[in-house]
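Just target_29.pdb here, PDB, C-alpha atoms:
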```pdb
ATOM      1  CA  MET A   1     122.843 114.705  77.494
ATOM      2  CA  PHE A   2     119.611 115.792  75.764
ATOM      3  CA  TYR A   3     116.392 114.353  77.122
ATOM      4  CA  MET A   4     112.721 114.932  76.468
ATOM      5  CA  LYS A   5     110.825 116.532  79.334
ATOM      6  CA  ILE A   6     107.471 115.009  80.193
ATOM      7  CA  ASN A   7     104.749 115.804  82.710
ATOM      8  CA  TYR A   8     105.339 113.015  85.205
ATOM      9  CA  GLU A   9     102.265 113.700  87.309
ATOM     10  CA  LYS A  10      99.992 113.703  84.261
ATOM     11  CA  LYS A  11     101.474 110.427  83.027
ATOM     12  CA  LEU A  12     101.040 108.720  86.407
ATOM     13  CA  ASP A  13      97.451 109.969  86.625
ATOM     14  CA  SER A  14      96.795 108.438  83.202
ATOM     15  CA  VAL A  15      97.593 104.955  84.564
ATOM     16  CA  GLY A  16      95.347 105.299  87.588
ATOM     17  CA  GLY A  17      97.372 107.406  89.993
ATOM     18  CA  ILE A  18      99.758 106.684  92.836
ATOM     19  CA  GLU A  19     100.007 106.719  96.612
ATOM     20  CA  LYS A  20     103.113 108.459  97.954
ATOM     21  CA  ASN A  21     105.392 106.590 100.354
ATOM     22  CA  LYS A  22     105.168 108.957 103.305
ATOM     23  CA  GLY A  23     108.156 107.354 104.989
ATOM     24  CA  CYS A  24     110.373 108.554 102.147
ATOM     25  CA  ILE A  25     109.385 112.209 101.905
ATOM     26  CA  ASN A  26     112.504 114.402 102.104
ATOM     27  CA  ASN A  27     113.165 118.105 101.797
ATOM     28  CA  ASP A  28     115.179 119.533  98.899
ATOM     29  CA  ILE A  29     118.428 119.567 100.873
ATOM     30  CA  GLU A  30     118.039 115.904 101.860
ATOM     31  CA  ILE A  31     117.199 114.916  98.290
ATOM     32  CA  GLU A  32     120.342 116.601  96.943
ATOM     33  CA  ALA A  33     122.413 114.901  99.644
ATOM     34  CA  ASP A  34     120.860 111.555  98.669
ATOM     35  CA  PHE A  35     121.725 112.128  95.008
ATOM     36  CA  SER A  36     125.315 112.918  95.960
ATOM     37  CA  GLU A  37     125.566 109.761  98.085
ATOM     38  CA  ILE A  38     124.355 107.511  95.259
ATOM     39  CA  GLU A  39     126.721 109.220  92.807
ATOM     40  CA  ARG A  40     129.585 108.665  95.247
ATOM     41  CA  ILE A  41     128.744 104.969  95.668
ATOM     42  CA  PHE A  42     128.530 104.371  91.912
ATOM     43  CA  ASN A  43     131.215 106.886  90.936
ATOM     44  CA  SER A  44     128.835 108.203  88.305
ATOM     45  CA  TYR A  45     126.420 111.057  87.757
ATOM     46  CA  LEU A  46     122.719 110.258  87.910
ATOM     47  CA  PRO A  47     120.691 110.951  84.763
ATOM     48  CA  GLN A  48     119.017 114.369  84.989
ATOM     49  CA  SER A  49     115.642 112.925  83.983
ATOM     50  CA  TYR A  50     115.724 110.453  86.873
ATOM     51  CA  LYS A  51     116.804 113.148  89.351
ATOM     52  CA  GLU A  52     113.932 115.391  88.291
ATOM     53  CA  PHE A  53     111.490 112.507  88.626
ATOM     54  CA  CYS A  54     112.696 111.718  92.158
ATOM     55  CA  ALA A  55     112.602 115.378  93.193
ATOM     56  CA  ASN A  56     109.110 115.990  91.797
ATOM     57  CA  VAL A  57     107.402 112.640  92.419
ATOM     58  CA  GLY A  58     109.472 110.635  94.884
ATOM     59  CA  SER A  59     108.724 107.139  96.180
ATOM     60  CA  PHE A  60     105.264 105.666  95.625
ATOM     61  CA  THR A  61     102.960 102.738  94.982
ATOM     62  CA  PHE A  62     100.736 102.480  91.912
ATOM     63  CA  LEU A  63      96.993 102.223  92.530
ATOM     64  CA  ASN A  64      96.609  99.871  89.547
ATOM     65  CA  LEU A  65      98.615  96.908  88.306
ATOM     66  CA  ILE A  66     101.141  98.430  85.913
ATOM     67  CA  CYS A  67     103.343  96.958  83.201
ATOM     68  CA  VAL A  68     105.725  98.108  80.478
ATOM     69  CA  LYS A  69     106.758  96.593  77.146
ATOM     70  CA  CYS A  70     110.386  95.469  76.873
ATOM     71  CA  ILE A  71     112.695  95.744  73.878
ATOM     72  CA  ASP A  72     114.213  92.371  74.759
ATOM     73  CA  GLU A  73     112.212  89.156  74.845
ATOM     74  CA  ALA A  74     112.173  86.397  77.457
ATOM     75  CA  GLN A  75     110.021  83.390  78.219
ATOM     76  CA  PHE A  76     109.100  84.578  81.710
ATOM     77  CA  MET A  77     107.552  87.816  80.443
ATOM     78  CA  LEU A  78     103.876  88.574  80.139
ATOM     79  CA  PRO A  79     102.296  88.504  76.655
ATOM     80  CA  ASP A  80     103.716  91.036  74.180
ATOM     81  CA  ASN A  81     107.083  91.132  76.029
ATOM     82  CA  LYS A  82     105.676  93.036  78.996
ATOM     83  CA  VAL A  83     106.842  92.998  82.615
ATOM     84  CA  SER A  84     105.150  94.294  85.729
ATOM     85  CA  VAL A  85     106.280  97.543  87.346
ATOM     86  CA  GLY A  86     105.893  97.934  91.102
ATOM     87  CA  ASP A  87     106.768 100.398  93.854
ATOM     88  CA  PHE A  88     109.317 103.124  93.134
ATOM     89  CA  TYR A  89     112.128 103.257  95.696
ATOM     90  CA  CYS A  90     113.359 106.059  97.934
ATOM     91  CA  ILE A  91     116.825 107.290  97.000
ATOM     92  CA  THR A  92     118.485 106.430 100.315
ATOM     93  CA  GLY A  93     117.521 105.787 103.928
ATOM     94  CA  ASN A  94     116.414 102.892 106.081
ATOM     95  CA  ASP A  95     112.962 102.411 104.585
ATOM     96  CA  LYS A  96     112.422  98.894 103.196
ATOM     97  CA  LEU A  97     111.596 100.470  99.828
ATOM     98  CA  SER A  98     114.817 102.470  99.659
ATOM     99  CA  ILE A  99     117.620 101.968  97.160
ATOM    100  CA  THR A 100     119.982 101.672 100.119
ATOM    101  CA  ASN A 101     118.023  98.708 101.474
ATOM    102  CA  VAL A 102     117.796  97.003  98.076
ATOM    103  CA  LEU A 103     121.531  97.397  97.494
ATOM    104  CA  GLN A 104     122.280  95.875 100.890
ATOM    105  CA  ASN A 105     120.051  92.870 100.211
ATOM    106  CA  PHE A 106     120.949  92.302  96.544
ATOM    107  CA  ASN A 107     124.500  93.659  96.373
ATOM    108  CA  GLU A 108     125.986  90.332  95.276
ATOM    109  CA  GLN A 109     123.252  89.646  92.703
ATOM    110  CA  LEU A 110     122.819  92.956  90.910
ATOM    111  CA  PRO A 111     125.200  93.468  87.977
ATOM    112  CA  THR A 112     127.838  96.189  88.336
ATOM    113  CA  GLY A 113     126.612  99.676  87.479
ATOM    114  CA  MET A 114     122.923  98.853  87.840
ATOM    115  CA  LEU A 115     120.944 101.167  90.129
ATOM    116  CA  PRO A 116     117.624  99.612  91.243
ATOM    117  CA  ILE A 117     114.852 102.210  90.930
ATOM    118  CA  CYS A 118     111.650 100.216  91.392
ATOM    119  CA  GLU A 119     110.226  96.752  91.963
ATOM    120  CA  GLY A 120     109.604  94.251  89.253
ATOM    121  CA  GLU A 121     107.925  90.994  90.160
ATOM    122  CA  LEU A 122     108.716  89.164  93.361
ATOM    123  CA  GLY A 123     112.500  89.276  93.861
ATOM    124  CA  ASP A 124     113.123  91.209  90.625
ATOM    125  CA  HIS A 125     114.076  94.855  90.117
ATOM    126  CA  ILE A 126     113.946  97.462  87.399
ATOM    127  CA  CYS A 127     117.303  99.222  87.144
ATOM    128  CA  ILE A 128     118.831 102.230  85.474
ATOM    129  CA  SER A 129     122.319 101.804  84.082
ATOM    130  CA  LEU A 130     125.077 104.114  85.335
ATOM    131  CA  ARG A 131     127.655 102.432  83.103
ATOM    132  CA  LYS A 132     129.337 104.556  80.419
ATOM    133  CA  GLU A 133     128.475 102.217  77.559
ATOM    134  CA  ASP A 134     124.711 102.244  78.150
ATOM    135  CA  PHE A 135     124.154 105.189  80.487
ATOM    136  CA  GLU A 136     120.470 105.715  81.426
ATOM    137  CA  TYR A 137     119.252 102.533  79.718
ATOM    138  CA  ILE A 138     116.511 100.825  81.712
ATOM    139  CA  TYR A 139     116.759  97.082  82.376
ATOM    140  CA  TYR A 140     114.635  94.426  83.995
ATOM    141  CA  PHE A 141     116.704  92.326  86.413
ATOM    142  CA  ASP A 142     115.358  88.779  86.669
ATOM    143  CA  HIS A 143     116.792  87.167  89.803
ATOM    144  CA  GLU A 144     116.012  83.653  88.539
ATOM    145  CA  SER A 145     118.153  83.997  85.408
ATOM    146  CA  SER A 146     121.814  83.039  85.279
ATOM    147  CA  PRO A 147     124.375  85.770  86.089
ATOM    148  CA  GLY A 148     125.338  87.514  82.886
ATOM    149  CA  ASP A 149     121.990  86.671  81.323
ATOM    150  CA  ASP A 150     119.773  88.340  83.924
ATOM    151  CA  LEU A 151     119.285  91.810  82.391
ATOM    152  CA  PHE A 152     116.568  92.504  79.825
ATOM    153  CA  LEU A 153     116.405  95.860  78.058
ATOM    154  CA  ILE A 154     113.209  97.832  78.602
ATOM    155  CA  SER A 155     114.117 101.187  77.061
ATOM    156  CA  ASN A 156     117.021 103.406  76.015
ATOM    157  CA  GLY A 157     116.171 106.159  78.491
ATOM    158  CA  PHE A 158     114.326 106.892  81.710
ATOM    159  CA  ASN A 159     111.641 109.106  80.204
ATOM    160  CA  ASP A 160     110.951 106.511  77.501
ATOM    161  CA  PHE A 161     110.415 104.035  80.325
ATOM    162  CA  ILE A 162     107.950 106.315  82.126
ATOM    163  CA  THR A 163     106.127 107.119  78.890
ATOM    164  CA  GLY A 164     105.722 103.385  78.219
ATOM    165  CA  LEU A 165     103.959 102.595  81.499
ATOM    166  CA  GLU A 166     100.457 101.197  81.062
ATOM    167  CA  ILE A 167      97.719  99.523  83.058
ATOM    168  CA  TYR A 168      98.036  95.735  82.946
ATOM    169  CA  GLU A 169      95.146  94.236  80.968
ATOM    170  CA  GLY A 170      95.555  90.489  81.361
ATOM    171  CA  GLU A 171      93.284  87.592  80.616
ATOM    172  CA  LYS A 172      90.470  86.928  83.043
ATOM    173  CA  ASN A 173      92.151  85.295  86.039
ATOM    174  CA  ASP A 174      93.222  86.239  89.549
ATOM    175  CA  ASP A 175      94.425  89.607  88.271
ATOM    176  CA  ASP A 176      90.812  90.583  87.657
ATOM    177  CA  LEU A 177      89.964  89.690  91.244
ATOM    178  CA  VAL A 178      92.688  92.000  92.516
ATOM    179  CA  LYS A 179      91.503  94.756  90.181
ATOM    180  CA  LYS A 180      87.978  94.363  91.532
ATOM    181  CA  MET A 181      89.295  94.550  95.078
ATOM    182  CA  LYS A 182      90.980  97.859  94.250
ATOM    183  CA  ALA A 183      87.537  99.401  93.905
ATOM    184  CA  ASP A 184      86.590  98.379  97.434
ATOM    185  CA  TYR A 185      89.792  98.277  99.477
ATOM    186  CA  SER A 186      92.523 100.726 100.368
ATOM    187  CA  PRO A 187      95.893 101.050  98.616
ATOM    188  CA  GLN A 188      97.480  99.912 101.877
ATOM    189  CA  LEU A 189      95.714  96.536 101.631
ATOM    190  CA  ILE A 190      96.712  96.152  98.002
ATOM    191  CA  THR A 191     100.332  96.849  98.982
ATOM    192  CA  LEU A 192     100.126  94.131 101.643
ATOM    193  CA  LEU A 193      98.752  91.707  99.053
ATOM    194  CA  LYS A 194     101.683  92.443  96.764
ATOM    195  CA  GLN A 195     104.167  92.030  99.610
ATOM    196  CA  SER A 196     102.611  88.712 100.578
ATOM    197  CA  GLY A 197     103.771  87.172  97.322
ATOM    198  CA  TYR A 198     101.149  88.150  94.751
ATOM    199  CA  TYR A 199     102.804  88.995  91.450
ATOM    200  CA  LEU A 200     102.158  88.891  87.739
ATOM    201  CA  LYS A 201     104.881  86.631  86.429
ATOM    202  CA  LYS A 202     103.526  84.115  83.955
ATOM    203  CA  LYS A 203     104.035  80.537  85.149
TER
END
```
Before anything else, please render the file you have as C-alpha cells.
Amino acid sequence: MFYMKINYEKKLDSVGGIEKNKGCINNDIEIEADFSEIERIFNSYLPQSYKEFCANVGSFTFLNLICVKCIDEAQFMLPDNKVSVGDFYCITGNDKLSITNVLQNFNEQLPTGMLPICEGELGDHICISLRKEDFEYIYYFDHESSPGDDLFLISNGFNDFITGLEIYEGEKNDDDLVKKMKADYSPQLITLLKQSGYYLKKK
C-alpha cells in the first residue's frame, strides 16, 4: 500500500514537542517481536506507516494539549469537529500505557479489528483499523456512545492523522490555566493532572 512519508519528529516538534515514555523503550529486536505479536492477535498486518512511527518515535506524552479535526461529526466533540489526542501507547508489555493493557481493560468494548494507538479523552481511545474494508483508517472511539455507533472517522490513513495534529486553542477557560501551568511545571505533573480526570470533552 502506498503511503506518504513524513518527518515525524519535525511534526511533533511543531506542536510543542513530546516527552518519551521511558518505561516503554525497547530495542529493535523487541519492537519487531511486539509487531509480530499484535499481528498474530489481530490476524492482520500492521500498516507500514504506523510501524515506522512506533520504531522511530515510540510511546510518549505531548507537552501541549493536542487535538485533531475529525471527518465525522458528533455532539460531544470540540468546536470544528475536533477531539483531543493524548498519550501514545507502547506496542506491548505491562506498562499502563501499553496496547496490551488497553486491550485487556477494554476488550469487550472496543469494536472488532480496532487497534488502540493513543488516548482520547477520559475513557476514550484513538484506534487504527486492521479490518480489510477500511484498513489503516483512524477512528475516535467514544466509550459513552452506543455499541455500533461509537466510532467516529478521523482520517483515511495514519500519516494523515499525524499531519492533522495541532495545538488545542480553546476559549478562555480552565484549559488556559493548564497551559499556563505548563510553563512553570514539569511534564510529569501535567501527566498526573490528565490522569486525575482532567480532559477536554465539551460538556
Got a sec: who's within 9 Å of region 39-52 of chain A, counting all atoms listed in the file, leaving out chain neighbours fewer than 2 positions off, as a VMD selection string? chain A and resid 1 3 to 5 34 to 37 54 to 57 112 to 115 128 130 to 132 135 to 136 157 to 159
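Among the candidates A:Ile126, A:Leu12, A:Leu151, A:Cys90, the residue lying nearest to Pro111 (chain A) is A:Leu151 (atoms considered: all atoms listed in the file).
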As JSON, numbers by chain, please: the residues near Ile138 (chain A) (cut-off 6 Å, only C-alpha atoms, same-chain neighbours under 3 positions excluded). {"A": [127, 128, 154, 155]}
Write the residues of the preceding selection, restricted to C-alpha atoms, as a short mmCIF file (atom, residue, chain, number, x, y, z; two decimals), in the frame of the given file.
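Final output, saved to selection33.cif:
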```cif
data_model
loop_
_atom_site.label_atom_id
_atom_site.label_comp_id
_atom_site.auth_asym_id
_atom_site.auth_seq_id
_atom_site.Cartn_x
_atom_site.Cartn_y
_atom_site.Cartn_z
CA CYS A 127 117.30 99.22 87.14
CA ILE A 128 118.83 102.23 85.47
CA ILE A 154 113.21 97.83 78.60
CA SER A 155 114.12 101.19 77.06
#
```
Could you tell me how far CA of Asp124 (chain A) sits from CA of Asn81 (chain A), in Å to one decimal place? 15.8 Å
In terms of the shortest atom-to-atom distance over all atoms listed in the file, which of A:Glu169, A:Asp134, A:Asp28, A:Asp160 is closest to Cys70 (chain A)?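 Of A:Glu169, A:Asp134, A:Asp28, A:Asp160, the one nearest Cys70 (chain A) is A:Asp160, counting all atoms listed in the file.
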What does the distance between CA of Leu110 (chain A) and CA of Ile91 (chain A) come to in Å, to one decimal place?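 Answer for the CA of Leu110 (chain A) to CA of Ile91 (chain A) separation: 16.7 Å.
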Just so the selection is clear, what residues does the PyMOL selection byres ((chain A and resi 68) around 10) cover here, as a PDB file with C-alpha atoms, in the frame of the given file?
```
ATOM      1  CA  ILE A  66     101.141  98.430  85.913  1.00  0.00           C
ATOM      2  CA  CYS A  67     103.343  96.958  83.201  1.00  0.00           C
ATOM      3  CA  LYS A  69     106.758  96.593  77.146  1.00  0.00           C
ATOM      4  CA  CYS A  70     110.386  95.469  76.873  1.00  0.00           C
ATOM      5  CA  ILE A  71     112.695  95.744  73.878  1.00  0.00           C
ATOM      6  CA  LEU A  78     103.876  88.574  80.139  1.00  0.00           C
ATOM      7  CA  ASP A  80     103.716  91.036  74.180  1.00  0.00           C
ATOM      8  CA  ASN A  81     107.083  91.132  76.029  1.00  0.00           C
ATOM      9  CA  LYS A  82     105.676  93.036  78.996  1.00  0.00           C
ATOM     10  CA  VAL A  83     106.842  92.998  82.615  1.00  0.00           C
ATOM     11  CA  SER A  84     105.150  94.294  85.729  1.00  0.00           C
ATOM     12  CA  VAL A  85     106.280  97.543  87.346  1.00  0.00           C
ATOM     13  CA  ILE A 154     113.209  97.832  78.602  1.00  0.00           C
ATOM     14  CA  SER A 155     114.117 101.187  77.061  1.00  0.00           C
ATOM     15  CA  PHE A 161     110.415 104.035  80.325  1.00  0.00           C
ATOM     16  CA  ILE A 162     107.950 106.315  82.126  1.00  0.00           C
ATOM     17  CA  THR A 163     106.127 107.119  78.890  1.00  0.00           C
ATOM     18  CA  GLY A 164     105.722 103.385  78.219  1.00  0.00           C
ATOM     19  CA  LEU A 165     103.959 102.595  81.499  1.00  0.00           C
ATOM     20  CA  GLU A 166     100.457 101.197  81.062  1.00  0.00           C
ATOM     21  CA  ILE A 167      97.719  99.523  83.058  1.00  0.00           C
ATOM     22  CA  TYR A 168      98.036  95.735  82.946  1.00  0.00           C
TER      23      TYR A 168
END
```
Shortest contact to Tyr8 (chain A), candidates A:Phe53, A:Tyr140, A:Phe106, A:Tyr89, atoms counted all atoms listed in the file, goes to A:Phe53
Coordinates-based distance that separates CA of Ile38 (chain A) from CA of Phe60 (chain A) (Å, one decimal): 19.2 Å
Counting only C-alpha atoms, find residues at most 10 Å from (110.7, 90.8, 89.0) (file frame) and give them as an NGL selection string. :A and (76-77 or 83-86 or 118-126 or 140-144 or 199-201)
Based on the selection just made, write C-alpha atoms of those residues as a PDB file, in the coordinates of the input.
```
ATOM      1  CA  PHE A  76     109.100  84.578  81.710  1.00  0.00           C
ATOM      2  CA  MET A  77     107.552  87.816  80.443  1.00  0.00           C
ATOM      3  CA  VAL A  83     106.842  92.998  82.615  1.00  0.00           C
ATOM      4  CA  SER A  84     105.150  94.294  85.729  1.00  0.00           C
ATOM      5  CA  VAL A  85     106.280  97.543  87.346  1.00  0.00           C
ATOM      6  CA  GLY A  86     105.893  97.934  91.102  1.00  0.00           C
ATOM      7  CA  CYS A 118     111.650 100.216  91.392  1.00  0.00           C
ATOM      8  CA  GLU A 119     110.226  96.752  91.963  1.00  0.00           C
ATOM      9  CA  GLY A 120     109.604  94.251  89.253  1.00  0.00           C
ATOM     10  CA  GLU A 121     107.925  90.994  90.160  1.00  0.00           C
ATOM     11  CA  LEU A 122     108.716  89.164  93.361  1.00  0.00           C
ATOM     12  CA  GLY A 123     112.500  89.276  93.861  1.00  0.00           C
ATOM     13  CA  ASP A 124     113.123  91.209  90.625  1.00  0.00           C
ATOM     14  CA  HIS A 125     114.076  94.855  90.117  1.00  0.00           C
ATOM     15  CA  ILE A 126     113.946  97.462  87.399  1.00  0.00           C
ATOM     16  CA  TYR A 140     114.635  94.426  83.995  1.00  0.00           C
ATOM     17  CA  PHE A 141     116.704  92.326  86.413  1.00  0.00           C
ATOM     18  CA  ASP A 142     115.358  88.779  86.669  1.00  0.00           C
ATOM     19  CA  HIS A 143     116.792  87.167  89.803  1.00  0.00           C
ATOM     20  CA  GLU A 144     116.012  83.653  88.539  1.00  0.00           C
ATOM     21  CA  TYR A 199     102.804  88.995  91.450  1.00  0.00           C
ATOM     22  CA  LEU A 200     102.158  88.891  87.739  1.00  0.00           C
ATOM     23  CA  LYS A 201     104.881  86.631  86.429  1.00  0.00           C
TER      24      LYS A 201
END
```
From the options A:Ser145, A:Ser129, A:Thr100, A:Asn64, which residue's atoms come nearest to Val15 (chain A), counting all atoms listed in the file? A:Asn64
Please list as a PyMOL selection string every residue within 12 Å of Gly23 (chain A), counting only C-alpha atoms and excluding residues in the same chain fewer than 2 positions away. chain A and resi 19-21+25-26+58-60+89-98
May I ask you to restore N, CA and C atoms in region 16-51 of chain A and write the result as a PDB file, in the coordinates of the input?
```
ATOM      1  N   GLY A  16      96.137 105.568  86.393  1.00  0.00           N
ATOM      2  CA  GLY A  16      95.347 105.299  87.588  1.00  0.00           C
ATOM      3  C   GLY A  16      95.805 105.948  88.867  1.00  0.00           C
ATOM      4  N   GLY A  17      96.914 106.687  88.815  1.00  0.00           N
ATOM      5  CA  GLY A  17      97.372 107.406  89.993  1.00  0.00           C
ATOM      6  C   GLY A  17      98.298 106.608  90.887  1.00  0.00           C
ATOM      7  N   ILE A  18      98.795 107.276  91.916  1.00  0.00           N
ATOM      8  CA  ILE A  18      99.758 106.684  92.836  1.00  0.00           C
ATOM      9  C   ILE A  18      99.428 107.063  94.270  1.00  0.00           C
ATOM     10  N   GLU A  19     100.034 106.334  95.205  1.00  0.00           N
ATOM     11  CA  GLU A  19     100.007 106.719  96.612  1.00  0.00           C
ATOM     12  C   GLU A  19     101.450 106.939  97.044  1.00  0.00           C
ATOM     13  N   LYS A  20     101.746 108.127  97.548  1.00  0.00           N
ATOM     14  CA  LYS A  20     103.113 108.459  97.954  1.00  0.00           C
ATOM     15  C   LYS A  20     103.529 107.621  99.162  1.00  0.00           C
ATOM     16  N   ASN A  21     104.808 107.261  99.201  1.00  0.00           N
ATOM     17  CA  ASN A  21     105.392 106.590 100.354  1.00  0.00           C
ATOM     18  C   ASN A  21     105.779 107.675 101.358  1.00  0.00           C
ATOM     19  N   LYS A  22     104.966 107.854 102.369  1.00  0.00           N
ATOM     20  CA  LYS A  22     105.168 108.957 103.305  1.00  0.00           C
ATOM     21  C   LYS A  22     106.444 108.799 104.118  1.00  0.00           C
ATOM     22  N   GLY A  23     106.924 107.573 104.253  1.00  0.00           N
ATOM     23  CA  GLY A  23     108.156 107.354 104.989  1.00  0.00           C
ATOM     24  C   GLY A  23     109.390 107.799 104.237  1.00  0.00           C
ATOM     25  N   CYS A  24     109.225 108.175 102.963  1.00  0.00           N
ATOM     26  CA  CYS A  24     110.373 108.554 102.147  1.00  0.00           C
ATOM     27  C   CYS A  24     110.355 110.027 101.742  1.00  0.00           C
ATOM     28  N   ILE A  25     109.450 110.799 102.288  1.00  0.00           N
ATOM     29  CA  ILE A  25     109.385 112.209 101.905  1.00  0.00           C
ATOM     30  C   ILE A  25     110.573 112.954 102.503  1.00  0.00           C
ATOM     31  N   ASN A  26     111.333 113.639 101.668  1.00  0.00           N
ATOM     32  CA  ASN A  26     112.504 114.402 102.104  1.00  0.00           C
ATOM     33  C   ASN A  26     112.363 115.848 101.650  1.00  0.00           C
ATOM     34  N   ASN A  27     113.117 116.735 102.284  1.00  0.00           N
ATOM     35  CA  ASN A  27     113.165 118.105 101.797  1.00  0.00           C
ATOM     36  C   ASN A  27     114.226 118.203 100.702  1.00  0.00           C
ATOM     37  N   ASP A  28     114.285 119.369 100.052  1.00  0.00           N
ATOM     38  CA  ASP A  28     115.179 119.533  98.899  1.00  0.00           C
ATOM     39  C   ASP A  28     116.639 119.294  99.269  1.00  0.00           C
ATOM     40  N   ILE A  29     117.039 119.746 100.452  1.00  0.00           N
ATOM     41  CA  ILE A  29     118.428 119.567 100.873  1.00  0.00           C
ATOM     42  C   ILE A  29     118.745 118.091 101.050  1.00  0.00           C
ATOM     43  N   GLU A  30     117.821 117.342 101.659  1.00  0.00           N
ATOM     44  CA  GLU A  30     118.039 115.904 101.860  1.00  0.00           C
ATOM     45  C   GLU A  30     118.083 115.165 100.531  1.00  0.00           C
ATOM     46  N   ILE A  31     117.225 115.562  99.603  1.00  0.00           N
ATOM     47  CA  ILE A  31     117.199 114.916  98.290  1.00  0.00           C
ATOM     48  C   ILE A  31     118.529 115.114  97.570  1.00  0.00           C
ATOM     49  N   GLU A  32     119.058 116.334  97.593  1.00  0.00           N
ATOM     50  CA  GLU A  32     120.342 116.601  96.943  1.00  0.00           C
ATOM     51  C   GLU A  32     121.463 115.802  97.600  1.00  0.00           C
ATOM     52  N   ALA A  33     121.405 115.689  98.935  1.00  0.00           N
ATOM     53  CA  ALA A  33     122.413 114.901  99.644  1.00  0.00           C
ATOM     54  C   ALA A  33     122.308 113.430  99.257  1.00  0.00           C
ATOM     55  N   ASP A  34     121.074 112.940  99.081  1.00  0.00           N
ATOM     56  CA  ASP A  34     120.860 111.555  98.669  1.00  0.00           C
ATOM     57  C   ASP A  34     121.416 111.309  97.276  1.00  0.00           C
ATOM     58  N   PHE A  35     121.172 112.247  96.355  1.00  0.00           N
ATOM     59  CA  PHE A  35     121.725 112.128  95.008  1.00  0.00           C
ATOM     60  C   PHE A  35     123.250 112.026  95.069  1.00  0.00           C
ATOM     61  N   SER A  36     123.853 112.895  95.853  1.00  0.00           N
ATOM     62  CA  SER A  36     125.315 112.918  95.960  1.00  0.00           C
ATOM     63  C   SER A  36     125.851 111.608  96.526  1.00  0.00           C
ATOM     64  N   GLU A  37     125.129 111.015  97.485  1.00  0.00           N
ATOM     65  CA  GLU A  37     125.566 109.761  98.085  1.00  0.00           C
ATOM     66  C   GLU A  37     125.518 108.628  97.072  1.00  0.00           C
ATOM     67  N   ILE A  38     124.451 108.548  96.287  1.00  0.00           N
ATOM     68  CA  ILE A  38     124.355 107.511  95.259  1.00  0.00           C
ATOM     69  C   ILE A  38     125.450 107.704  94.207  1.00  0.00           C
ATOM     70  N   GLU A  39     125.680 108.951  93.806  1.00  0.00           N
ATOM     71  CA  GLU A  39     126.721 109.220  92.807  1.00  0.00           C
ATOM     72  C   GLU A  39     128.103 108.856  93.341  1.00  0.00           C
ATOM     73  N   ARG A  40     128.298 109.048  94.644  1.00  0.00           N
ATOM     74  CA  ARG A  40     129.585 108.665  95.247  1.00  0.00           C
ATOM     75  C   ARG A  40     129.744 107.148  95.241  1.00  0.00           C
ATOM     76  N   ILE A  41     128.692 106.425  95.611  1.00  0.00           N
ATOM     77  CA  ILE A  41     128.744 104.969  95.668  1.00  0.00           C
ATOM     78  C   ILE A  41     129.040 104.372  94.290  1.00  0.00           C
ATOM     79  N   PHE A  42     128.393 104.923  93.264  1.00  0.00           N
ATOM     80  CA  PHE A  42     128.530 104.371  91.912  1.00  0.00           C
ATOM     81  C   PHE A  42     129.627 105.053  91.090  1.00  0.00           C
ATOM     82  N   ASN A  43     130.196 106.127  91.653  1.00  0.00           N
ATOM     83  CA  ASN A  43     131.215 106.886  90.936  1.00  0.00           C
ATOM     84  C   ASN A  43     130.705 107.293  89.556  1.00  0.00           C
ATOM     85  N   SER A  44     129.486 107.817  89.553  1.00  0.00           N
ATOM     86  CA  SER A  44     128.835 108.203  88.305  1.00  0.00           C
ATOM     87  C   SER A  44     127.761 109.244  88.592  1.00  0.00           C
ATOM     88  N   TYR A  45     127.540 110.133  87.643  1.00  0.00           N
ATOM     89  CA  TYR A  45     126.420 111.057  87.757  1.00  0.00           C
ATOM     90  C   TYR A  45     125.114 110.308  87.546  1.00  0.00           C
ATOM     91  N   LEU A  46     124.051 110.795  88.165  1.00  0.00           N
ATOM     92  CA  LEU A  46     122.719 110.258  87.910  1.00  0.00           C
ATOM     93  C   LEU A  46     122.114 110.980  86.716  1.00  0.00           C
ATOM     94  N   PRO A  47     121.356 110.284  85.885  1.00  0.00           N
ATOM     95  CA  PRO A  47     120.691 110.951  84.763  1.00  0.00           C
ATOM     96  C   PRO A  47     119.788 112.083  85.260  1.00  0.00           C
ATOM     97  N   GLN A  48     119.812 113.213  84.568  1.00  0.00           N
ATOM     98  CA  GLN A  48     119.017 114.369  84.989  1.00  0.00           C
ATOM     99  C   GLN A  48     117.524 114.056  85.004  1.00  0.00           C
ATOM    100  N   SER A  49     117.064 113.274  84.047  1.00  0.00           N
ATOM    101  CA  SER A  49     115.642 112.925  83.983  1.00  0.00           C
ATOM    102  C   SER A  49     115.212 112.156  85.233  1.00  0.00           C
ATOM    103  N   TYR A  50     116.044 111.232  85.680  1.00  0.00           N
ATOM    104  CA  TYR A  50     115.724 110.453  86.873  1.00  0.00           C
ATOM    105  C   TYR A  50     115.757 111.337  88.119  1.00  0.00           C
ATOM    106  N   LYS A  51     116.719 112.251  88.202  1.00  0.00           N
ATOM    107  CA  LYS A  51     116.804 113.148  89.351  1.00  0.00           C
ATOM    108  C   LYS A  51     115.570 114.043  89.430  1.00  0.00           C
TER     109      LYS A  51
END
```
